[in-house]
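Peer 1: For reference, this is work_4.txt, and it has compact mmCIF, C-alpha atoms.
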```txt
# COMPACT_ATOMS: atom_id res chain seq x y z
CA MET C 146 0.00 0.00 0.00
CA ASN C 147 1.36 3.42 -0.95
CA SER C 148 2.06 5.78 1.89
CA ILE C 149 0.04 8.98 2.03
CA ASP C 150 1.90 12.25 2.26
CA GLN C 151 0.43 15.22 4.13
CA ASN C 152 0.38 17.13 0.84
CA ASP C 153 -1.94 14.52 -0.69
CA TYR C 154 -4.88 15.79 1.35
CA LEU C 155 -7.20 18.47 0.00
CA PHE C 156 -6.86 20.29 3.33
CA THR C 157 -4.86 19.65 6.51
CA PRO C 158 -6.77 17.16 8.68
CA SER C 159 -7.15 17.88 12.38
CA ILE C 160 -6.28 15.13 14.85
CA PRO C 161 -8.37 15.09 18.05
CA SER C 162 -6.15 14.51 21.07
CA LEU C 163 -5.88 14.71 24.83
CA ALA C 164 -3.14 16.14 26.99
CA ILE C 165 -1.03 13.68 28.97
CA ALA C 166 -0.32 14.72 32.56
CA ASP C 167 3.28 15.89 33.15
CA SER C 168 4.20 15.37 29.49
CA ASP C 169 4.66 17.47 26.37
CA GLN C 170 3.25 14.63 24.27
CA ARG C 171 -0.42 14.26 23.41
CA PHE C 172 -2.64 11.19 23.08
CA PRO C 173 -4.24 11.05 19.59
CA VAL C 174 -7.86 9.93 19.84
CA ARG C 175 -9.30 7.46 17.33
CA ARG C 176 -12.75 6.55 18.67
CA VAL C 177 -14.81 7.33 21.79
CA TYR C 178 -16.97 4.49 23.12
CA CYS C 179 -19.41 4.99 25.99
CA VAL C 180 -20.93 2.37 28.29
CA GLY C 181 -24.59 2.91 29.14
CA ARG C 182 -26.06 2.45 32.63
CA ASN C 183 -23.00 0.95 34.32
CA TYR C 184 -23.92 2.01 37.89
CA ALA C 185 -26.95 0.37 39.53
CA GLU C 186 -28.37 3.54 41.08
CA HIS C 187 -28.11 5.43 37.81
CA ALA C 188 -29.88 2.57 36.01
CA ARG C 189 -32.69 2.85 38.54
CA GLU C 190 -32.99 6.63 38.23
CA MET C 191 -33.31 6.18 34.46
CA GLY C 192 -36.12 3.67 35.01
CA HIS C 193 -34.24 0.45 34.26
CA ASP C 194 -33.47 -2.78 36.12
CA PRO C 195 -29.83 -2.72 37.30
CA ASP C 196 -29.39 -6.48 37.01
CA ARG C 197 -26.20 -7.55 35.30
CA GLU C 198 -27.46 -7.64 31.72
CA PRO C 199 -24.83 -7.47 28.95
CA PRO C 200 -23.31 -3.98 28.63
CA PHE C 201 -24.38 -1.77 25.74
CA PHE C 202 -22.44 0.97 24.01
CA PHE C 203 -22.88 4.18 22.06
CA THR C 204 -20.25 6.49 20.60
CA LYS C 205 -19.22 10.12 20.52
CA HIS C 206 -17.24 11.81 17.77
CA PRO C 207 -13.58 12.25 18.79
CA ASP C 208 -13.80 15.92 17.83
CA SER C 209 -16.46 16.41 20.51
CA LEU C 210 -13.68 16.34 23.13
CA LEU C 211 -13.31 19.53 25.17
CA PRO C 212 -10.20 20.13 27.33
CA ASP C 213 -10.20 20.76 31.06
CA GLY C 214 -10.74 24.40 32.02
CA SER C 215 -12.77 25.21 28.92
CA VAL C 216 -16.10 26.91 28.43
CA PHE C 217 -18.76 24.41 27.38
CA PRO C 218 -20.99 26.23 24.86
CA TYR C 219 -24.63 25.46 25.62
CA PRO C 220 -25.69 23.51 22.51
CA THR C 221 -28.44 24.44 20.11
CA GLY C 222 -31.62 22.48 19.53
CA THR C 223 -32.22 21.60 23.18
CA GLU C 224 -33.67 22.94 26.41
CA SER C 225 -32.30 20.20 28.70
CA VAL C 226 -28.58 19.42 28.76
CA HIS C 227 -27.54 16.96 31.48
CA HIS C 228 -24.19 16.25 33.14
CA GLU C 229 -22.81 12.71 33.54
CA ILE C 230 -19.41 12.41 35.27
CA GLU C 231 -17.36 9.37 34.28
CA MET C 232 -13.99 7.64 34.49
CA VAL C 233 -12.36 7.47 31.06
CA VAL C 234 -10.13 4.58 29.97
CA ALA C 235 -7.52 5.11 27.23
CA ILE C 236 -6.45 2.15 25.10
CA GLY C 237 -2.73 2.01 24.37
CA ARG C 238 -2.49 -1.43 22.76
CA GLY C 239 -5.00 -2.76 20.28
CA GLY C 240 -6.60 -6.15 19.96
CA ALA C 241 -9.70 -8.21 19.32
CA ASP C 242 -11.31 -10.89 21.48
CA ILE C 243 -9.15 -9.81 24.41
CA PRO C 244 -9.41 -12.13 27.45
CA VAL C 245 -10.58 -10.44 30.65
CA GLU C 246 -7.39 -11.56 32.38
CA GLN C 247 -5.27 -9.67 29.84
CA ALA C 248 -7.49 -6.62 29.33
CA LEU C 249 -5.58 -4.23 31.60
CA GLU C 250 -2.42 -4.85 29.55
CA HIS C 251 -4.16 -2.89 26.78
CA VAL C 252 -4.94 0.17 28.96
CA TYR C 253 -2.61 3.14 28.63
CA GLY C 254 -4.17 5.35 31.28
CA TYR C 255 -7.17 7.08 32.78
CA ALA C 256 -8.91 10.47 32.80
CA VAL C 257 -12.02 12.21 34.12
CA GLY C 258 -14.76 12.92 31.58
CA LEU C 259 -18.24 14.33 31.23
CA ASP C 260 -20.82 12.70 28.97
CA MET C 261 -22.89 15.79 28.22
CA THR C 262 -26.34 14.78 26.97
CA ARG C 263 -29.18 16.62 25.27
CA ARG C 264 -31.68 14.76 27.44
CA ASP C 265 -34.83 16.00 25.74
CA LEU C 266 -33.55 14.84 22.36
CA GLN C 267 -32.51 11.51 23.86
CA ALA C 268 -35.97 10.99 25.35
CA GLU C 269 -37.55 11.77 21.98
CA ALA C 270 -35.20 9.34 20.23
CA LYS C 271 -35.98 6.58 22.73
CA LYS C 272 -39.71 7.13 22.31
CA MET C 273 -39.44 6.84 18.53
CA GLY C 274 -36.90 4.01 18.53
CA ARG C 275 -34.23 6.15 16.89
CA PRO C 276 -30.45 6.36 17.46
CA TRP C 277 -29.05 8.64 20.16
CA ALA C 278 -26.44 10.41 18.01
CA VAL C 279 -27.94 13.91 18.17
CA ALA C 280 -28.32 13.56 21.94
CA LYS C 281 -24.83 12.27 22.68
CA SER C 282 -22.42 13.21 19.90
CA PHE C 283 -22.80 16.96 19.42
CA ASP C 284 -20.04 19.58 19.44
CA HIS C 285 -18.10 19.78 22.74
CA ALA C 286 -20.16 16.90 24.22
CA ALA C 287 -17.16 15.20 25.84
CA PRO C 288 -15.17 17.41 28.23
CA CYS C 289 -12.14 15.46 29.40
CA SER C 290 -9.17 15.98 31.69
CA ALA C 291 -5.56 15.14 30.89
CA LEU C 292 -4.72 11.44 30.78
CA VAL C 293 -2.74 9.92 33.62
CA PRO C 294 -0.68 6.88 32.57
CA ALA C 295 -1.47 3.64 34.38
CA GLU C 296 2.24 3.13 34.99
CA LYS C 297 2.02 6.06 37.42
CA ILE C 298 -1.27 5.30 39.23
CA GLY C 299 -2.00 1.64 38.54
CA HIS C 300 -5.52 0.55 37.61
CA PRO C 301 -8.11 2.05 40.00
CA THR C 302 -10.85 -0.32 41.13
CA GLU C 303 -12.29 1.83 43.90
CA GLY C 304 -12.38 5.48 44.82
CA ARG C 305 -14.83 8.36 44.96
CA ILE C 306 -16.27 9.77 41.75
CA TRP C 307 -18.18 13.04 42.05
CA LEU C 308 -19.52 16.17 40.38
CA GLU C 309 -20.28 19.55 41.93
CA ILE C 310 -22.16 22.46 40.38
CA ASN C 311 -21.26 25.84 41.88
CA GLY C 312 -19.85 23.98 44.87
CA GLU C 313 -22.93 21.81 45.50
CA THR C 314 -22.52 18.05 45.12
CA ARG C 315 -24.86 16.63 42.49
CA GLN C 316 -23.32 13.24 41.68
CA GLU C 317 -21.36 10.93 43.96
CA GLY C 318 -20.41 7.28 43.81
CA ASP C 319 -17.49 4.89 43.94
CA LEU C 320 -15.65 3.03 41.20
CA ALA C 321 -16.26 -0.16 43.18
CA GLU C 322 -19.94 0.22 42.26
CA LEU C 323 -19.35 -0.30 38.53
CA ILE C 324 -21.62 -3.11 37.30
CA TRP C 325 -19.06 -4.05 34.63
CA SER C 326 -15.42 -3.55 35.66
CA VAL C 327 -12.82 -2.01 33.35
CA PRO C 328 -11.30 -5.39 32.34
CA GLU C 329 -14.77 -6.76 31.60
CA VAL C 330 -15.74 -3.71 29.55
CA VAL C 331 -12.51 -3.82 27.51
CA ALA C 332 -12.87 -7.55 26.89
CA TYR C 333 -16.55 -7.31 25.91
CA LEU C 334 -16.04 -4.30 23.64
CA SER C 335 -13.12 -6.06 21.90
CA ARG C 336 -15.52 -8.78 20.80
CA LEU C 337 -17.65 -6.17 19.01
CA PHE C 338 -14.88 -3.94 17.59
CA VAL C 339 -11.16 -4.27 16.98
CA LEU C 340 -9.71 -1.93 19.57
CA GLU C 341 -6.78 0.25 18.51
CA PRO C 342 -4.36 2.59 20.29
CA GLY C 343 -6.12 5.92 20.67
CA ASP C 344 -9.53 4.54 21.57
CA LEU C 345 -11.27 5.97 24.64
CA ILE C 346 -13.94 4.26 26.75
CA MET C 347 -16.23 6.31 28.99
CA THR C 348 -17.22 3.80 31.67
CA GLY C 349 -20.59 5.08 32.88
CA THR C 350 -21.94 7.56 35.39
CA PRO C 351 -23.23 7.27 38.98
CA ALA C 352 -26.67 8.46 40.06
CA GLY C 353 -27.61 12.13 40.29
CA VAL C 354 -27.55 13.22 36.66
CA GLY C 355 -29.40 16.44 36.00
CA PRO C 356 -29.60 19.64 33.96
CA VAL C 357 -26.97 22.35 33.68
CA GLN C 358 -27.66 26.05 33.21
CA ARG C 359 -25.71 28.79 31.45
CA GLY C 360 -23.12 30.37 33.72
CA GLU C 361 -22.76 27.37 36.06
CA HIS C 362 -19.36 25.99 37.05
CA LEU C 363 -18.97 22.21 36.95
CA SER C 364 -16.18 20.61 38.96
CA GLY C 365 -15.76 16.86 39.25
CA GLY C 366 -13.20 14.17 39.69
CA VAL C 367 -12.21 10.59 40.27
CA GLN C 368 -10.13 9.78 43.32
CA GLY C 369 -6.61 8.73 42.35
CA ILE C 370 -6.97 10.04 38.78
CA GLY C 371 -7.69 13.76 38.76
CA THR C 372 -10.27 16.49 38.38
CA LEU C 373 -12.17 18.27 35.61
CA ASP C 374 -13.54 21.81 35.59
CA ILE C 375 -15.69 23.51 32.95
CA THR C 376 -18.03 26.49 32.83
CA VAL C 377 -21.31 26.39 30.92
CA GLY C 378 -21.31 29.19 28.38
```
Kindly present the structure from the file in structure tokens form.

Peer 2:
Amino acid sequence: MNSIDQNDYLFTPSIPSLAIADSDQRFPVRRVYCVGRNYAEHAREMGHDPDREPPFFFTKHPDSLLPDGSVFPYPTGTESVHHEIEMVVAIGRGGADIPVEQALEHVYGYAVGLDMTRRDLQAEAKKMGRPWAVAKSFDHAAPCSALVPAEKIGHPTEGRIWLEINGETRQEGDLAELIWSVPEVVAYLSRLFVLEPGDLIMTGTPAGVGPVQRGEHLSGGVQGIGTLDITVG
């Protein structure tokens, strides 16, 4: 196969990426996968049975990433944008049909993310049996902190995850409450897609999701990983 030179493109392509903590290098992002309803209490608040049914996934466009400290522009076409704080897993080694026992060998590191959701559009899509893309994959829909390599912090299996709005706690949980653990999610997802370096997995949100308003400050974090701060514009 012939190699492609940068000059072969009609215009210069942009490469979505995340900062890496304490490094001048950046993590190029290929795909963003999201796990739905991976905390029991959140499943209940969304009206679903939290029993351990197989995980399901949706995606966000990589260019919907928004760096820590940014202004999140309130999106058009909606009157109800919700926050969902999550731990983010970054894949550093690809593979398919990855055994659970080997899954963590494919993880490069971790970050704190927000799965911003146009909830009214999602509810409409659910009612009509349509995809969630317009509700989940809009511009700036995935604020994310810098990645922290696993070689520095290990692979967290417990620890507080939280979100505050203007200093008031709205979401709070613990990584130990994940219905599907990180190794299980990586292994399961690798049976559906070939995972590649640069893939991100947003692992689900604890209970307490709710609307954001223009001018509010959102501050959240995952114990042992880091924090994320954005302002709603």

Peer 1: Show me, as number ranges by chain, the residues that have an atom within 12 Å of Met232 in chain C when counting only C-alpha atoms, minus same-chain residues fewer than 5 positions from it.

Peer 2: C: 179-180, 183-184, 254-260, 287-293, 300-308, 318-321, 323, 326-327, 345-351, 365-373

Peer 1: Which residue is closest to Val233 in chain C? Choose from C:Val330, C:Glu322, C:Thr157, C:Met273 and count only C-alpha atoms.

Peer 2: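 The shortest atom-to-atom distance to Val233 in chain C comes from C:Val330.
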
Peer 1: With all atoms listed in the file counted, which protein, DNA or RNA residues have an atom no more than 12 Å from (-4.0, -7.8, 22.3) in the file frame? Please answer as a list in words.

Peer 2: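 Answer for this query, in the requested form: Ile236, Gly237, Arg238, Gly239, Gly240, Ala241, Asp242, Ile243, Pro244, Val245, Glu246, Gln247, Ala248, Leu249, Glu250, His251, Val252, Val331, Ala332, Ser335, Arg336, Val339, Leu340, Glu341 and Pro342 of chain C.
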
Peer 1: Pull the neighbourhood of (-14.3, 28.1, 30.2) for me: all residues within 6 Å in file coordinates, counting all atoms listed in the file, as a list of chain:residue names.

Peer 2: C:Gly214, C:Ser215, C:Val216, C:Ile375, C:Thr376

Peer 1: For a quick check of understanding, using all atoms listed in the file, which of C:Val354, C:Pro161, C:Glu269, C:Glu231 has the smallest distance to Thr314 in chain C?

Peer 2: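 Looking only at the distances to Thr314 in chain C, the closest residue turns out to be C:Val354.
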